[in-house]
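Enquirer: Before I ask anything, let me first share the structure, which is written out below as structure tokens.
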Amino acid sequence: MTHEVVNRVAELSGQLAATAEETERIGKLSDESVKLIRRAGVMRMLQPTDFGGYAAHPRDFAEAVMAVARHCGSTGWVCGVGGVHPWEMALMDRRLQTEVWGANPDTWIASPYAAQGVATPADGGYTLRGRWNFSSGTDHCEWIFLGALLGDAEGTPIMPPTVLHVVLPRKDYTIVDDSWDVIGLQGTGSKDVIVDGAFIPAYRTIEAEAVAAGENAAERAGRTETVYKLPFWAMFPLGITSAVIGIAEGALAAHLDYQRDRVTAMGTRIKDDPYVLSAISEAAADIAASRTQLLDGVSRLYDKAEAGETITFEDRSLVRRNQVRCAWRAVSAVDQIFARSGGNAVRRQNIMQRFWRDAHVGLQHAIHTPGSLYHSTALTIMGLEPEGPLRAMI
């Protein structure tokens with residue numbers, strides 16, 4: 001059964017598509033885009049029910065993100081990234097959850113998680129300094145998750161490194177307005193943020209390792225819903241790759257609309273060109289395969305958690321490998337159809353070029369880097385044990 005939020009996104013699809021041009025032009029989600037996403041409830045899908053959310057199956061969340069990205073890639077991207085933050089917030093101290101959502105369950109939370117700052121121990125917490133890139137949707141958020149290296153008393157990162165996820169209110173960080181000048185996903189407004197000595201109470205922090213495996217974090221937080229027992233490195237990539245696949249689906253739909261009645265300069269009707277039609281079918285199959293494989297992966301992990309089984313490193317590794325491959329396969333399919341769309345496809349008024357640019361920029365995210373991940377997973381399925389950096393982000 002399709003989730004009610006996915007159905008609402010489908011009902012609002014025409015309006016979402018109509019906001020895409022303005023969202024790209026102003027370099028952040030338009031007010032109308034934000035209003036539509038709030039109305040649909042996408043950002044509350046992984047939010048706990050005691051704070052106005054759905055605690056939904058992650059498959060339903062992914063389908064909602066795809067449904068948004070199919071009409072506006074930037075809005076889908078912000079939903080995919082920002083929509084995971086309520087999931088981690090559910091694993092934090094209840095005092096923090098009340099601060100964030102107590103007055104308004106529709107409060108949005110930004111990130112990034114990259115450890116680009118240092119948290120220095122202070123009485124009752126930490127002081128934080130650093131500059132972070134890629135804070136998607138940050139203009140519309142009142143709180144932020146940031147990754148930080150734990151420092152010593154002098155502010156030097158300790159070794160071996162310990163990564164914290166810390167949470168700050170909007171008053172404690174600065175958004176750098178001119179820091180998002182890019183060729184795709186322009187409307188995400190993924191700007192830099194700066195923190196210069198803000199104090200963070202200890203209850204607004206959590207060790208990154210504590211949420212990596214999932215189950216223990218849920219138990220510590222008193223969360224019994226299955227979704228909160230899943231690994232961070234399955235949930236966070238899910239939102240991002242869902243956006244990329246949704247963008248690919250949007251590109252395919254735009255391509256079909258464009259090619260249906262197109263006649264080439266040589267007078268050939270595309271519907272009579274077997275080579276282009278073959279490419280369309282291959283691309284459509286690859287995009288569909290990416291959707292199916294992504295949803296299957298997170299569903300398998302959910303089923304294991306639901307049954308009370310341990311999600312192993314191998315389980316996580318295989319799902320991450322497939323998630324990365326889904327993104328690359330989908331974007332490759334977009335390349336195949338875009339290359340057969342003729343010169344007019346690159347004109348600004350043709351929405352295909354926006355989907356094409358958005359898809360490629362989405363693929364640039366670190367979560368889609370295949371090298372070391374593929375290396376690690378190959379060792380795992382050989383029965384060997386990856387060590388050190390080869391276990392990163394899995």
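Here, A, B, ... name the chains of the structure tokens in the order displayed, residue numbers run from 1 inside each chain, and ligands are numbered from 1 in the same displayed order.
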Which of stretch 123-223 of chain A counts as alpha helix (DSSP H) under DSSP, as a PDB file with C-alpha atoms, in the first residue's frame please?

Expert:
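The result, written out as part-v3.pdb:
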```pdb
ATOM      1  CA  ALA A 208      29.114   9.033  15.426  1.00  0.00           C
ATOM      2  CA  GLU A 209      30.077   5.458  16.174  1.00  0.00           C
ATOM      3  CA  ALA A 210      27.078   5.168  18.506  1.00  0.00           C
ATOM      4  CA  VAL A 211      24.633   5.495  15.625  1.00  0.00           C
ATOM      5  CA  ALA A 212      26.654   3.618  13.018  1.00  0.00           C
ATOM      6  CA  GLU A 215      20.327  -1.298  17.272  1.00  0.00           C
ATOM      7  CA  ASN A 216      22.199  -0.221  20.415  1.00  0.00           C
ATOM      8  CA  ALA A 217      21.486   3.436  19.750  1.00  0.00           C
ATOM      9  CA  ALA A 218      17.750   2.759  19.589  1.00  0.00           C
ATOM     10  CA  GLU A 219      17.870   0.852  22.855  1.00  0.00           C
ATOM     11  CA  ARG A 220      19.784   3.631  24.617  1.00  0.00           C
ATOM     12  CA  ALA A 221      17.288   6.207  23.332  1.00  0.00           C
TER      13      ALA A 221
END
```

Enquirer: Could you state the separation of atom CA of A:Met393 and atom CA of A:Gln116 in Å, given to one decimal place?

Expert: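 Going from atom CA of A:Met393 over to atom CA of A:Gln116 covers 16.0 Å.
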
Enquirer: Pick out the residues sitting within 10 Å of stretch 150-167 of chain A, and hand them over as an mmCIF file with N, CA and C atoms, in the first residue's frame; count only C-alpha atoms, and ignore anything fewer than 5 positions along from it in its own chain.

Expert:
```cif
data_model
loop_
_atom_site.group_PDB
_atom_site.id
_atom_site.type_symbol
_atom_site.label_atom_id
_atom_site.label_comp_id
_atom_site.auth_asym_id
_atom_site.auth_seq_id
_atom_site.Cartn_x
_atom_site.Cartn_y
_atom_site.Cartn_z
ATOM 1 N N GLU A 88 17.879 10.574 13.036
ATOM 2 C CA GLU A 88 18.954 10.601 14.032
ATOM 3 C C GLU A 88 18.543 11.387 15.269
ATOM 4 N N MET A 89 17.775 12.453 15.088
ATOM 5 C CA MET A 89 17.322 13.217 16.242
ATOM 6 C C MET A 89 16.536 12.329 17.213
ATOM 7 N N MET A 92 18.629 10.919 19.916
ATOM 8 C CA MET A 92 19.300 11.862 20.803
ATOM 9 C C MET A 92 18.537 11.981 22.127
ATOM 10 N N LEU A 96 16.688 17.430 24.021
ATOM 11 C CA LEU A 96 16.989 18.068 22.738
ATOM 12 C C LEU A 96 15.817 17.929 21.785
ATOM 13 N N VAL A 100 13.817 21.017 19.942
ATOM 14 C CA VAL A 100 13.699 21.153 18.492
ATOM 15 C C VAL A 100 12.239 21.137 18.047
ATOM 16 N N ILE A 109 15.849 20.474 10.218
ATOM 17 C CA ILE A 109 17.222 20.381 10.715
ATOM 18 C C ILE A 109 18.154 20.196 9.526
ATOM 19 N N ALA A 110 19.249 20.955 9.500
ATOM 20 C CA ALA A 110 20.243 20.853 8.421
ATOM 21 C C ALA A 110 21.401 19.963 8.877
ATOM 22 N N SER A 111 22.433 19.869 8.066
ATOM 23 C CA SER A 111 23.694 19.205 8.389
ATOM 24 C C SER A 111 24.767 19.989 7.612
ATOM 25 N N PRO A 112 26.038 19.672 7.559
ATOM 26 C CA PRO A 112 26.615 18.377 7.189
ATOM 27 C C PRO A 112 27.286 17.630 8.340
ATOM 28 N N TYR A 113 27.530 16.331 8.045
ATOM 29 C CA TYR A 113 28.136 15.440 9.018
ATOM 30 C C TYR A 113 29.660 15.364 8.899
ATOM 31 N N ALA A 114 30.234 15.864 7.819
ATOM 32 C CA ALA A 114 31.685 15.797 7.669
ATOM 33 C C ALA A 114 32.355 16.503 8.847
ATOM 34 N N ALA A 115 33.391 15.881 9.396
ATOM 35 C CA ALA A 115 34.048 16.413 10.599
ATOM 36 C C ALA A 115 35.007 17.526 10.208
ATOM 37 N N GLY A 117 35.177 20.482 11.834
ATOM 38 C CA GLY A 117 35.416 21.355 12.975
ATOM 39 C C GLY A 117 35.967 20.554 14.129
ATOM 40 N N VAL A 118 36.333 21.258 15.208
ATOM 41 C CA VAL A 118 36.888 20.608 16.396
ATOM 42 C C VAL A 118 36.051 21.000 17.604
ATOM 43 N N ALA A 119 35.637 19.996 18.381
ATOM 44 C CA ALA A 119 34.894 20.203 19.623
ATOM 45 C C ALA A 119 35.866 20.074 20.788
ATOM 46 N N THR A 120 36.077 21.177 21.494
ATOM 47 C CA THR A 120 37.005 21.200 22.623
ATOM 48 C C THR A 120 36.235 21.046 23.930
ATOM 49 N N PRO A 121 36.619 20.093 24.779
ATOM 50 C CA PRO A 121 35.878 19.891 26.035
ATOM 51 C C PRO A 121 35.814 21.167 26.871
ATOM 52 N N ALA A 122 34.634 21.417 27.425
ATOM 53 C CA ALA A 122 34.402 22.550 28.316
ATOM 54 C C ALA A 122 33.488 22.062 29.423
ATOM 55 N N TYR A 126 31.032 21.225 25.253
ATOM 56 C CA TYR A 126 32.141 21.484 24.333
ATOM 57 C C TYR A 126 32.006 22.893 23.759
ATOM 58 N N THR A 127 33.128 23.437 23.324
ATOM 59 C CA THR A 127 33.090 24.608 22.455
ATOM 60 C C THR A 127 33.496 24.155 21.063
ATOM 61 N N LEU A 128 32.872 24.747 20.068
ATOM 62 C CA LEU A 128 33.043 24.271 18.695
ATOM 63 C C LEU A 128 33.530 25.385 17.790
ATOM 64 N N ARG A 129 34.493 25.037 16.923
ATOM 65 C CA ARG A 129 34.956 25.960 15.895
ATOM 66 C C ARG A 129 35.166 25.186 14.599
ATOM 67 N N TRP A 143 17.771 24.338 13.150
ATOM 68 C CA TRP A 143 18.804 23.615 13.878
ATOM 69 C C TRP A 143 19.716 22.947 12.864
ATOM 70 N N ILE A 144 20.878 22.477 13.352
ATOM 71 C CA ILE A 144 21.824 21.838 12.433
ATOM 72 C C ILE A 144 22.611 20.736 13.140
ATOM 73 N N PHE A 145 22.810 19.616 12.444
ATOM 74 C CA PHE A 145 23.766 18.574 12.833
ATOM 75 C C PHE A 145 25.108 18.919 12.190
ATOM 76 N N ASP A 172 23.539 29.984 16.755
ATOM 77 C CA ASP A 172 24.924 29.650 17.084
ATOM 78 C C ASP A 172 25.814 29.400 15.867
ATOM 79 N N ILE A 200 28.289 23.951 23.278
ATOM 80 C CA ILE A 200 27.312 22.889 23.019
ATOM 81 C C ILE A 200 27.192 22.035 24.277
ATOM 82 N N PRO A 201 26.027 22.024 24.914
ATOM 83 C CA PRO A 201 25.849 21.138 26.076
ATOM 84 C C PRO A 201 26.043 19.680 25.666
ATOM 85 N N ALA A 202 26.555 18.885 26.572
ATOM 86 C CA ALA A 202 26.866 17.491 26.254
ATOM 87 C C ALA A 202 25.650 16.731 25.756
ATOM 88 N N TYR A 203 24.435 17.066 26.252
ATOM 89 C CA TYR A 203 23.253 16.315 25.837
ATOM 90 C C TYR A 203 22.858 16.590 24.383
ATOM 91 N N ARG A 204 23.475 17.594 23.767
ATOM 92 C CA ARG A 204 23.222 17.862 22.349
ATOM 93 C C ARG A 204 24.274 17.216 21.452
ATOM 94 N N THR A 205 24.977 16.226 21.965
ATOM 95 C CA THR A 205 26.009 15.539 21.193
ATOM 96 C C THR A 205 25.816 14.036 21.268
ATOM 97 N N ILE A 206 26.379 13.352 20.285
ATOM 98 C CA ILE A 206 26.401 11.892 20.288
ATOM 99 C C ILE A 206 27.613 11.447 19.482
ATOM 100 N N GLU A 207 28.269 10.383 19.894
ATOM 101 C CA GLU A 207 29.399 9.878 19.111
ATOM 102 C C GLU A 207 28.878 9.256 17.817
ATOM 103 N N ALA A 208 29.536 9.566 16.721
ATOM 104 C CA ALA A 208 29.114 9.033 15.426
ATOM 105 C C ALA A 208 29.066 7.517 15.442
ATOM 106 N N GLU A 209 30.020 6.915 16.121
ATOM 107 C CA GLU A 209 30.077 5.458 16.174
ATOM 108 C C GLU A 209 28.850 4.881 16.863
ATOM 109 N N ALA A 210 28.230 5.663 17.752
ATOM 110 C CA ALA A 210 27.078 5.168 18.506
ATOM 111 C C ALA A 210 25.849 4.973 17.638
ATOM 112 N N VAL A 211 25.788 5.664 16.507
ATOM 113 C CA VAL A 211 24.633 5.495 15.625
ATOM 114 C C VAL A 211 24.973 4.686 14.373
#
```

Enquirer: Can you pull out every residue within 9 Å of A:Thr174, counting only C-alpha atoms, but drop anything in the same chain fewer than 2 positions away, and send it as a PDB file with C-alpha atoms, in the first residue's frame?

Expert:
```
ATOM      1  CA  ARG A 170      20.299  28.687  14.336  1.00  0.00           C
ATOM      2  CA  LYS A 171      21.647  31.510  16.522  1.00  0.00           C
ATOM      3  CA  ASP A 172      24.924  29.650  17.084  1.00  0.00           C
ATOM      4  CA  VAL A 176      27.763  32.031   4.241  1.00  0.00           C
ATOM      5  CA  ASP A 192      28.817  26.827   3.973  1.00  0.00           C
ATOM      6  CA  VAL A 193      28.263  27.379   7.683  1.00  0.00           C
ATOM      7  CA  ILE A 194      30.707  28.765  10.256  1.00  0.00           C
ATOM      8  CA  VAL A 195      30.830  28.199  14.003  1.00  0.00           C
ATOM      9  CA  ASP A 196      33.185  30.346  16.065  1.00  0.00           C
TER      10      ASP A 196
END
```

Enquirer: Mind pulling up the distance from atom CA of A:Ala330 to atom CA of A:Gly189?

Expert: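 Going from atom CA of A:Gly189 over to atom CA of A:Ala330, I get 23.7 Å.
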
Enquirer: For A:Gly53, find every residue with an atom within 12 Å (counting only C-alpha atoms), except residues of its own chain fewer than 5 positions away, and show them as number ranges by chain.

Expert: A: 5, 38, 41-48, 61, 83, 86-87, 89-90, 101, 104-107

Enquirer: Could you tell me which of A:Leu318, A:Ala213, A:Ile394, A:Ile183 comes closest to A:Ala378 if we count only C-alpha atoms?

Expert: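 Selected residue with least distance to A:Ala378: A:Leu318.
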
Enquirer: Find the distance between atom CA of A:Ala289 and atom CA of A:Gly371 and write it in Å to one decimal.

Expert: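 Distance between the two atoms: 21.6 Å.
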